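Worksheet for the structure shown next.
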Amino acid sequence: MIEPSLAEHVVATAFAALLVHQLGVPIPAFPVLIWAGAVASGDTLRLGQVFLVTTLAGTVGNLPWYWAGRRYGHRVLKLVCRITLSPDSCVRQTETVFERRGPVMLVIARFLPGFETVAPPLAGALRVALPAFLLYDLAGSALRAGAGLALGVAFRGEIGRLLDWLAALGTHATLLVAALLAGYVGYRFWQRRRFLRSLRAARISAHELNEMMTRGDDPVVLDVRTRAHRRLDGRQIPGAHAVDLDALEHTLAEVPREREVVVYCACPNEATAAKVALQLRARGFRHVRPLRGGIDAWASAGLALERVAEARAPIS
């Protein structure tokens with residue numbers, strides 16, 4: 001049987017766990033919901049309470065991120081890119097999908113790794129109306145809560161035996177759970193570091209690029225940020241050509257292979273720029289480098305910027 005003490009505190013525990021998860025603490029939410037569903041399965045009223053509080057916690061925890069995105073725009077997305085345990089490519093993918101599908105993606109955001117973290121501040125930055133944000137986010141939170149609790153109810157017997165085994169371990173159970181949580185966080189950090197190492201390539205600094213442009217070397221500068229990010233930021237390096245990765249082949253057809261090509265993005269680790277640089281090299285471009293630090297490094301160096309252009313002359 002499941003310990004009565006666990007059932008007694010399941011509502012408060014589930015609410016607290018889901019709230020801190022949405023605020024950014026790397027606590028896996030779905031296992032908590034499955035546990036809560038198993039614990040509360042024998043009490044319909046208690047199960048309903050758990051569903052309501054976990055649904056509420058999911059949206060309450062997202063509201064600070066929404067308001068941060070609304071107030072600080074692209075700058076909070078840069079912060080998310082720094083602190084998320086997901087590879088930086090997840091941030092770009094979220095921006096691309098959100099740009100295509102709109103706030104309805106908030107409904108399934110919690111089931112997509114990386115998307116869950118980026119979607120709320122991105123919704124705020126893109127000025128999604130608060131009622132629309134609350135509607136879609138609550139729907140997504142309820143969907144996750146219902147799915148997790150339903151699994152807990154369905155497998156309450158197996159989960160009950162597991163909890164009884166952990167109770168028999170006493171303090172060793174706490175150490176085991178802590179070790180599993182530490183292992184989960186450690187694995188995500190390791191996964192991110194491995195991703196970044198795989199993107200290592202020769203980079204060019206902002207000052208080096210500026211010197212090339214001043215000398216008249218006429219490098220081709222490609223801005224590979226998403227349309228949404230370019231619109232939110234509003235800045236670009238003078239002469240840069242905006243590139244949508246879906247139309248990368250069209251852009252490549254215009255770039256002579258002997259030209260110097262510099263690629264920049266917005267994420268602090270230049271992940272997208274490095275990936276595009278590797279793709280260009282694989283297609284025969286020998287002189288291609290990502291810009292170290294992206295557009296923020298260029299701006300921090302005090303170099304000239306221009307407003308984002310909707311269209312620019314073909315590359316020549």
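Labels used: A, B, ... for chains in the order of the structure tokens, numbers from 1 for residues in each chain, and numbers from 1 for ligands as shown.
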Which neighbours of Trp65 in chain A fall inside 8 Å, counting only C-alpha atoms, when residues of the same chain fewer than 4 positions from it are skipped, and could you give them as a PDB file with N, CA, C and O atoms, in the first residue's frame?
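Everything below was put into selection25.pdb:
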```
ATOM      1  N   LEU A  23       9.115  27.446 -13.307  1.00  0.00           N
ATOM      2  CA  LEU A  23       9.969  28.615 -13.082  1.00  0.00           C
ATOM      3  C   LEU A  23      11.391  28.391 -13.577  1.00  0.00           C
ATOM      4  O   LEU A  23      12.165  29.339 -13.686  1.00  0.00           O
ATOM      5  N   GLY A  61       3.527  29.396 -13.058  1.00  0.00           N
ATOM      6  CA  GLY A  61       4.981  29.377 -13.214  1.00  0.00           C
ATOM      7  C   GLY A  61       5.445  29.947 -14.537  1.00  0.00           C
ATOM      8  O   GLY A  61       6.594  30.384 -14.654  1.00  0.00           O
ATOM      9  N   GLY A  69       9.381  38.282 -21.139  1.00  0.00           N
ATOM     10  CA  GLY A  69       9.480  38.409 -22.587  1.00  0.00           C
ATOM     11  C   GLY A  69       8.785  39.656 -23.094  1.00  0.00           C
ATOM     12  O   GLY A  69       9.277  40.335 -24.010  1.00  0.00           O
ATOM     13  N   PRO A 120       6.939  30.436 -23.394  1.00  0.00           N
ATOM     14  CA  PRO A 120       6.313  31.542 -22.653  1.00  0.00           C
ATOM     15  C   PRO A 120       6.996  32.902 -22.857  1.00  0.00           C
ATOM     16  O   PRO A 120       6.300  33.882 -23.168  1.00  0.00           O
ATOM     17  N   PRO A 121       8.333  33.018 -22.708  1.00  0.00           N
ATOM     18  CA  PRO A 121       8.917  34.337 -22.968  1.00  0.00           C
ATOM     19  C   PRO A 121       8.795  34.765 -24.419  1.00  0.00           C
ATOM     20  O   PRO A 121       8.665  35.959 -24.710  1.00  0.00           O
ATOM     21  N   GLY A 124       5.430  36.309 -24.892  1.00  0.00           N
ATOM     22  CA  GLY A 124       5.427  37.674 -24.385  1.00  0.00           C
ATOM     23  C   GLY A 124       6.153  38.631 -25.303  1.00  0.00           C
ATOM     24  O   GLY A 124       5.677  39.744 -25.573  1.00  0.00           O
TER      25      GLY A 124
END
```
Pick out the residues sitting within 9 Å of Ile204 in chain A, and hand them over as a PDB file with N, CA and C atoms, in the first residue's frame; count only C-alpha atoms, and ignore anything fewer than 3 positions along from it in its own chain.
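Output saved as out.pdb:
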```
ATOM      1  N   HIS A 207      35.812  42.327 -34.373  1.00  0.00           N
ATOM      2  CA  HIS A 207      36.817  43.274 -34.871  1.00  0.00           C
ATOM      3  C   HIS A 207      37.461  42.768 -36.157  1.00  0.00           C
ATOM      4  N   GLU A 208      37.691  41.456 -36.240  1.00  0.00           N
ATOM      5  CA  GLU A 208      38.260  40.902 -37.467  1.00  0.00           C
ATOM      6  C   GLU A 208      37.314  41.090 -38.647  1.00  0.00           C
ATOM      7  N   LEU A 209      36.031  40.853 -38.422  1.00  0.00           N
ATOM      8  CA  LEU A 209      35.056  41.059 -39.493  1.00  0.00           C
ATOM      9  C   LEU A 209      35.005  42.532 -39.886  1.00  0.00           C
ATOM     10  N   VAL A 262      30.719  34.963 -43.702  1.00  0.00           N
ATOM     11  CA  VAL A 262      30.616  35.029 -42.238  1.00  0.00           C
ATOM     12  C   VAL A 262      29.153  34.850 -41.869  1.00  0.00           C
ATOM     13  N   ARG A 289      33.063  31.158 -41.858  1.00  0.00           N
ATOM     14  CA  ARG A 289      33.281  31.140 -40.410  1.00  0.00           C
ATOM     15  C   ARG A 289      32.080  31.753 -39.684  1.00  0.00           C
ATOM     16  N   PRO A 290      31.742  31.208 -38.512  1.00  0.00           N
ATOM     17  CA  PRO A 290      30.708  31.847 -37.687  1.00  0.00           C
ATOM     18  C   PRO A 290      31.311  33.030 -36.921  1.00  0.00           C
ATOM     19  N   LEU A 291      30.486  34.011 -36.648  1.00  0.00           N
ATOM     20  CA  LEU A 291      30.909  35.180 -35.896  1.00  0.00           C
ATOM     21  C   LEU A 291      30.869  34.871 -34.404  1.00  0.00           C
ATOM     22  N   ARG A 292      32.009  34.995 -33.736  1.00  0.00           N
ATOM     23  CA  ARG A 292      32.081  34.694 -32.311  1.00  0.00           C
ATOM     24  C   ARG A 292      31.219  35.682 -31.523  1.00  0.00           C
TER      25      ARG A 292
END
```
Worksheet item: Which parts of range 213-267 of chain A does DSSP call strand (DSSP E) when run on the backbone here, written out as number ranges by chain?
Response: A: 220-223, 235-236, 241-242, 261-264
Worksheet item: If you run DSSP on the backbone, which residues of range 22-90 of chain A are helix (DSSP H, G or I), as number ranges by chain?
Response: A: 22-23, 29-39, 44-60, 63-72, 74-83, 89-90
Discussion item. I'd like to know which of A:Ile34, A:Val76, A:Ala109, A:Ala68 is closest to Gly146 in chain A, using only C-alpha atoms.
Written reply: A:Ile34
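Nearest residue to Thr59 in chain A, choosing from A:Gly140, A:Gly234, A:Gly24, A:Gly102 and counting only C-alpha atoms: A:Gly140.
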Worksheet item: What does the distance from CA of Arg225 in chain A to CA of His74 in chain A come to in Å, to one decimal?
Response: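 Result for CA of Arg225 in chain A versus CA of His74 in chain A: 11.4 Å, one decimal.
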Worksheet item: Restricting the calculation to only C-alpha atoms, which member of A:Pro256, A:Pro219, A:Gly42, A:Gly148 is positioned closest to Phe30 in chain A?
Response: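 Among the listed residues, the smallest separation from Phe30 in chain A belongs to A:Gly148.
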Practice prompt. Measure the distance from CA of Val39 in chain A to CA of Leu149 in chain A in Å and round it to one decimal.
Written response: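 It comes out at 9.6 Å.
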Worksheet item: Near Pro28 in chain A, within 10 Å and counting only C-alpha atoms, which residues show up once chain neighbours fewer than 2 positions away are dropped, as a ChimeraX atom specification?
Response: /A:17-18,21,25-26,30-33,181,184-185
Worksheet entry | Minimum-distance residue to Ala40 in chain A, chosen among A:Ala123, A:Ala14, A:Ala139, A:Leu278 (using only C-alpha atoms) |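 Smallest separation from Ala40 in chain A among the options: A:Ala14.
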Discussion item. So that I can see what lies close to range 244-251 of chain A, please list as a PyMOL selection string the residues with an atom at most 12 Å from it, counting only C-alpha atoms and leaving out residues fewer than 6 positions away in the same chain.
Written reply: chain A and resi 92-93+96+220-230+257+261+263+265+272-273+275-277+279-280+283+313-316
Fill in: Selected residue, from A:Leu19, A:Asn210, A:Ala145, A:Glu99, that lies nearest to Gly302 in chain A when counting only C-alpha atoms
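Among the listed residues, the smallest separation from Gly302 in chain A belongs to A:Asn210.
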Worksheet item: From the list A:Leu126, A:Ala150, A:Leu135, A:Ala282, which residue is nearest Tyr72 in chain A when using only C-alpha atoms?
Response: A:Leu126
